Amino acid sequence: EDFSPEQAAGLINLIGEKKICHETIYQFIYSEEGRKLKLWLKLRHRKYPRRQKHGSRKTQYKVAIKERVSIEHRPKSANTKAEIGHLETDSIIFSKQKKVVSVQADRKTQKCAITILENKTAKETKYALIRAIEDEYGATNVKTITHDNGTENAKHMEIRDEYHVGTYFCRPYASWQKGLVENINKLIRQYLPRNLNIKNLTQDDMYIIQEKLNNRPRKRLGYFTPNQAYQIFLQGGRIRT
């Protein structure tokens, strides 16, 4: 029925006698038997499970990313989108290329920042976050950043301490917990499909795409654009939707 593992587990727990955790379903999908059955093709994003030979995924996350704070501890103002300055961050990769695109999005206004990077390392990702904070949102306005568990986010403590922002992490395999930036990524794919050669693209090219999206009227914002909405909320105004 095209359910996600979490939706499937939720339904089983609601109507069945047995209880199951969605993590158990993921573990089977990524197991040797699950790979032979190609169950990963049933996942929404159909990503082949590239696991290392040593350690579980959860163990690798804990080793690679220190001082992780779960999204469950994120402040209520971020969860309810009560104010600007609560960001989600993610990376967009391309077929057989080292270069990636780093994307940040403000949860309240959908205003995004797009940065092209030489690779998907923590150092490069830190640069993208600094650019977003200082050039796009304003260093004093950013309050939290929500990450996934990729190792490119390993330097989150440096951002946290330098800019005094809270850094939070989704649960493993739960990218829907930062669904806004995931949706922004889908919009970006219109301009940057996975098989595109981005070798000769520049930050100016990224800025053009960024502002196309930030100047697009949004129904959820009463047909104001993300740029307009961000400025309105920054000045203490309100939007009737």
# chains A, B, ... in the order shown; residues from 1 in each chain; ligands from 1

call {"tool": "residues_around", "arguments": {"residues": "A:Arg160", "least_positions_apart": "4", "cutoff": "12 Å", "atoms": "only C-alpha atoms", "output": "list in words"}}
result
Glu67, Arg68, Val69, Lys126, Leu129, Ile130, Ile133, Ala139, Val142, Lys143, Thr144, Ile145, Thr146, Asn153, Ala154, Lys155, His156, His164, Val165, Gly166, Thr167 and Tyr168 of chain A

call {"tool": "write_last_selection", "arguments": {"atoms": "C-alpha atoms", "output": "short mmCIF file (atom, residue, chain, number, x, y, z; two decimals), in the first residue's frame"}}
result
data_model
loop_
_atom_site.label_atom_id
_atom_site.label_comp_id
_atom_site.auth_asym_id
_atom_site.auth_seq_id
_atom_site.Cartn_x
_atom_site.Cartn_y
_atom_site.Cartn_z
CA GLU A 67 26.94 15.61 21.87
CA ARG A 68 23.86 14.78 19.80
CA VAL A 69 20.60 16.07 21.29
CA LYS A 126 29.96 23.93 8.45
CA LEU A 129 25.72 26.67 7.71
CA ILE A 130 27.83 29.74 8.44
CA ILE A 133 23.29 32.00 9.29
CA ALA A 139 23.25 35.56 13.08
CA VAL A 142 18.82 31.82 14.27
CA LYS A 143 17.73 29.88 17.35
CA THR A 144 17.90 26.19 16.45
CA ILE A 145 19.10 23.91 13.65
CA THR A 146 17.70 20.42 13.10
CA ASN A 153 26.91 17.24 10.66
CA ALA A 154 29.74 16.19 13.00
CA LYS A 155 30.87 19.80 13.55
CA HIS A 156 27.49 20.92 14.85
CA HIS A 164 24.65 30.15 20.47
CA VAL A 165 22.02 28.08 18.69
CA GLY A 166 20.47 24.80 19.73
CA THR A 167 21.39 21.83 17.54
CA TYR A 168 19.02 18.86 17.40
#

call {"tool": "residues_around", "arguments": {"residues": "A:Asn227", "least_positions_apart": "2", "cutoff": "12 Å", "atoms": "only C-alpha atoms", "output": "PyMOL selection string"}}
result
chain A and resi 84+105-106+108-113+136-137+210-218+221+223-225+229-234

call {"tool": "write_last_selection", "arguments": {"atoms": "C-alpha atoms", "output": "compact mmCIF listing (two decimals), in the first residue's frame"}}
result
# COMPACT_ATOMS: atom_id res chain seq x y z
CA ILE A 84 11.37 32.52 12.72
CA ALA A 105 15.11 26.14 5.44
CA ASP A 106 13.34 28.29 8.02
CA LYS A 108 8.04 29.21 9.80
CA THR A 109 8.51 30.97 6.45
CA GLN A 110 10.06 28.29 4.19
CA LYS A 111 12.84 30.74 3.32
CA CYS A 112 15.76 28.64 2.07
CA ALA A 113 19.51 28.99 1.68
CA GLU A 136 20.61 34.73 4.68
CA TYR A 137 18.93 34.66 8.11
CA GLN A 210 17.44 30.03 -4.10
CA GLU A 211 15.76 33.32 -4.91
CA LYS A 212 13.39 31.71 -7.42
CA LEU A 213 12.05 29.67 -4.52
CA ASN A 214 12.22 32.46 -1.94
CA ASN A 215 10.26 34.80 -4.22
CA ARG A 216 7.54 32.27 -5.06
CA PRO A 217 4.14 33.00 -3.41
CA ARG A 218 3.09 30.31 -0.93
CA LEU A 221 1.89 32.20 3.86
CA TYR A 223 0.45 34.08 -0.87
CA PHE A 224 3.29 36.16 0.49
CA THR A 225 6.71 34.91 -0.56
CA ALA A 229 7.18 36.66 5.19
CA TYR A 230 10.61 36.48 6.82
CA GLN A 231 10.93 40.26 6.80
CA ILE A 232 7.38 40.73 8.11
CA PHE A 233 7.97 38.35 11.04
CA LEU A 234 11.43 39.78 11.64

call {"tool": "atom_distance", "arguments": {"atom1": "atom CA of A:Ile116", "atom2": "atom CA of A:Asn149"}}
result
20.1 Å

call {"tool": "closest_residue", "arguments": {"among": "A:Ala122, A:Ile12, A:Ile209, A:Ala82", "to": "A:Ile159", "atoms": "only C-alpha atoms"}}
result
A:Ala122

call {"tool": "residues_around", "arguments": {"residues": "A:Val100", "least_positions_apart": "6", "cutoff": "10 Å", "atoms": "only C-alpha atoms", "output": "count of residues only"}}
result
15

call {"tool": "atom_distance", "arguments": {"atom1": "atom CA of A:Ala128", "atom2": "atom CA of A:Asp90"}}
result
10.5 Å

call {"tool": "select_by_dssp", "arguments": {"residues": "stretch 66-182 of chain A", "states": "helix (DSSP H, G or I)", "output": "compact mmCIF listing (two decimals) with N, CA and C atoms, in the first residue's frame"}}
result
# COMPACT_ATOMS: atom_id res chain seq x y z
N ILE A 71 15.76 15.33 18.75
CA ILE A 71 14.72 16.28 18.34
C ILE A 71 13.59 16.34 19.36
N GLU A 72 13.46 15.31 20.16
CA GLU A 72 12.42 15.30 21.19
C GLU A 72 12.63 16.40 22.22
N HIS A 73 13.84 16.93 22.31
CA HIS A 73 14.15 17.99 23.27
C HIS A 73 14.14 19.37 22.62
N LYS A 76 9.48 24.04 22.13
CA LYS A 76 8.12 24.06 21.60
C LYS A 76 7.96 25.08 20.48
N SER A 77 8.63 26.21 20.59
CA SER A 77 8.51 27.27 19.58
C SER A 77 9.00 26.80 18.23
N ALA A 78 9.95 25.86 18.22
CA ALA A 78 10.42 25.29 16.96
C ALA A 78 9.41 24.29 16.42
N ASN A 79 8.88 23.46 17.30
CA ASN A 79 7.93 22.44 16.88
C ASN A 79 6.65 23.04 16.31
N ALA A 122 32.17 17.34 6.91
CA ALA A 122 31.71 18.20 8.00
C ALA A 122 32.26 19.61 7.86
N LYS A 123 33.49 19.72 7.37
CA LYS A 123 34.10 21.05 7.20
C LYS A 123 33.33 21.88 6.18
N GLU A 124 33.01 21.27 5.03
CA GLU A 124 32.28 21.98 3.99
C GLU A 124 30.86 22.32 4.47
N THR A 125 30.23 21.39 5.15
CA THR A 125 28.87 21.63 5.64
C THR A 125 28.85 22.76 6.66
N LYS A 126 29.86 22.82 7.49
CA LYS A 126 29.96 23.93 8.45
C LYS A 126 30.02 25.26 7.71
N TYR A 127 30.78 25.30 6.62
CA TYR A 127 30.85 26.52 5.81
C TYR A 127 29.47 26.92 5.30
N ALA A 128 28.69 25.94 4.82
CA ALA A 128 27.35 26.24 4.30
C ALA A 128 26.45 26.78 5.40
N LEU A 129 26.55 26.21 6.59
CA LEU A 129 25.72 26.67 7.71
C LEU A 129 26.10 28.10 8.11
N ILE A 130 27.39 28.38 8.11
CA ILE A 130 27.83 29.74 8.44
C ILE A 130 27.30 30.73 7.41
N ARG A 131 27.38 30.36 6.14
CA ARG A 131 26.85 31.23 5.09
C ARG A 131 25.36 31.49 5.29
N ALA A 132 24.63 30.43 5.58
CA ALA A 132 23.18 30.58 5.77
C ALA A 132 22.87 31.48 6.96
N ILE A 133 23.55 31.23 8.06
CA ILE A 133 23.29 32.00 9.29
C ILE A 133 23.64 33.47 9.10
N GLU A 134 24.80 33.73 8.56
CA GLU A 134 25.27 35.11 8.49
C GLU A 134 24.68 35.89 7.31
N ASP A 135 24.57 35.25 6.15
CA ASP A 135 24.19 35.97 4.94
C ASP A 135 22.69 35.94 4.64
N GLU A 136 22.00 34.88 5.07
CA GLU A 136 20.61 34.73 4.68
C GLU A 136 19.60 34.98 5.81
N TYR A 137 19.91 34.55 7.02
CA TYR A 137 18.93 34.66 8.11
C TYR A 137 19.29 35.70 9.16
N THR A 151 27.28 12.06 8.78
CA THR A 151 28.54 12.50 9.39
C THR A 151 28.94 13.91 8.97
N GLU A 152 28.29 14.45 7.93
CA GLU A 152 28.59 15.83 7.55
C GLU A 152 28.16 16.83 8.62
N ASN A 153 27.38 16.36 9.59
CA ASN A 153 26.91 17.24 10.66
C ASN A 153 27.75 17.10 11.94
N HIS A 156 28.62 20.10 14.39
CA HIS A 156 27.49 20.92 14.85
C HIS A 156 27.82 21.66 16.14
N MET A 157 28.69 21.09 16.99
CA MET A 157 29.02 21.76 18.26
C MET A 157 29.71 23.10 18.02
N GLU A 158 30.52 23.17 16.94
CA GLU A 158 31.22 24.41 16.65
C GLU A 158 30.23 25.51 16.24
N ILE A 159 29.24 25.14 15.44
CA ILE A 159 28.18 26.10 15.09
C ILE A 159 27.39 26.47 16.33
N ARG A 160 27.04 25.46 17.12
CA ARG A 160 26.27 25.69 18.34
C ARG A 160 26.95 26.68 19.27
N ASP A 161 28.24 26.48 19.49
CA ASP A 161 28.96 27.32 20.45
C ASP A 161 29.28 28.70 19.90
N GLU A 162 29.57 28.77 18.59
CA GLU A 162 29.93 30.06 18.00
C GLU A 162 28.73 30.98 17.86
N TYR A 163 27.58 30.42 17.52
CA TYR A 163 26.40 31.25 17.26
C TYR A 163 25.32 31.12 18.34
N SER A 175 13.84 10.78 8.42
CA SER A 175 14.08 12.07 7.77
C SER A 175 12.81 12.91 7.68
N TRP A 176 11.63 12.26 7.82
CA TRP A 176 10.38 13.02 7.79
C TRP A 176 10.30 14.01 8.95
N GLN A 177 11.14 13.83 9.96
CA GLN A 177 11.10 14.76 11.09
C GLN A 177 11.66 16.13 10.72
N LYS A 178 12.32 16.22 9.59
CA LYS A 178 12.69 17.53 9.02
C LYS A 178 12.10 17.60 7.62
N GLY A 179 10.81 17.43 7.58
CA GLY A 179 10.10 17.31 6.31
C GLY A 179 10.10 18.57 5.47
N LEU A 180 10.23 19.74 6.09
CA LEU A 180 10.21 20.98 5.31
C LEU A 180 11.39 21.02 4.35
N VAL A 181 12.59 20.81 4.87
CA VAL A 181 13.77 20.89 3.99
C VAL A 181 13.76 19.75 2.97
N GLU A 182 13.19 18.61 3.33
CA GLU A 182 13.05 17.51 2.36
C GLU A 182 12.15 17.95 1.20

call {"tool": "closest_residue", "arguments": {"among": "A:Gly150, A:Lys98, A:Leu41, A:Tyr173", "to": "A:Glu23", "atoms": "only C-alpha atoms"}}
result
A:Tyr173
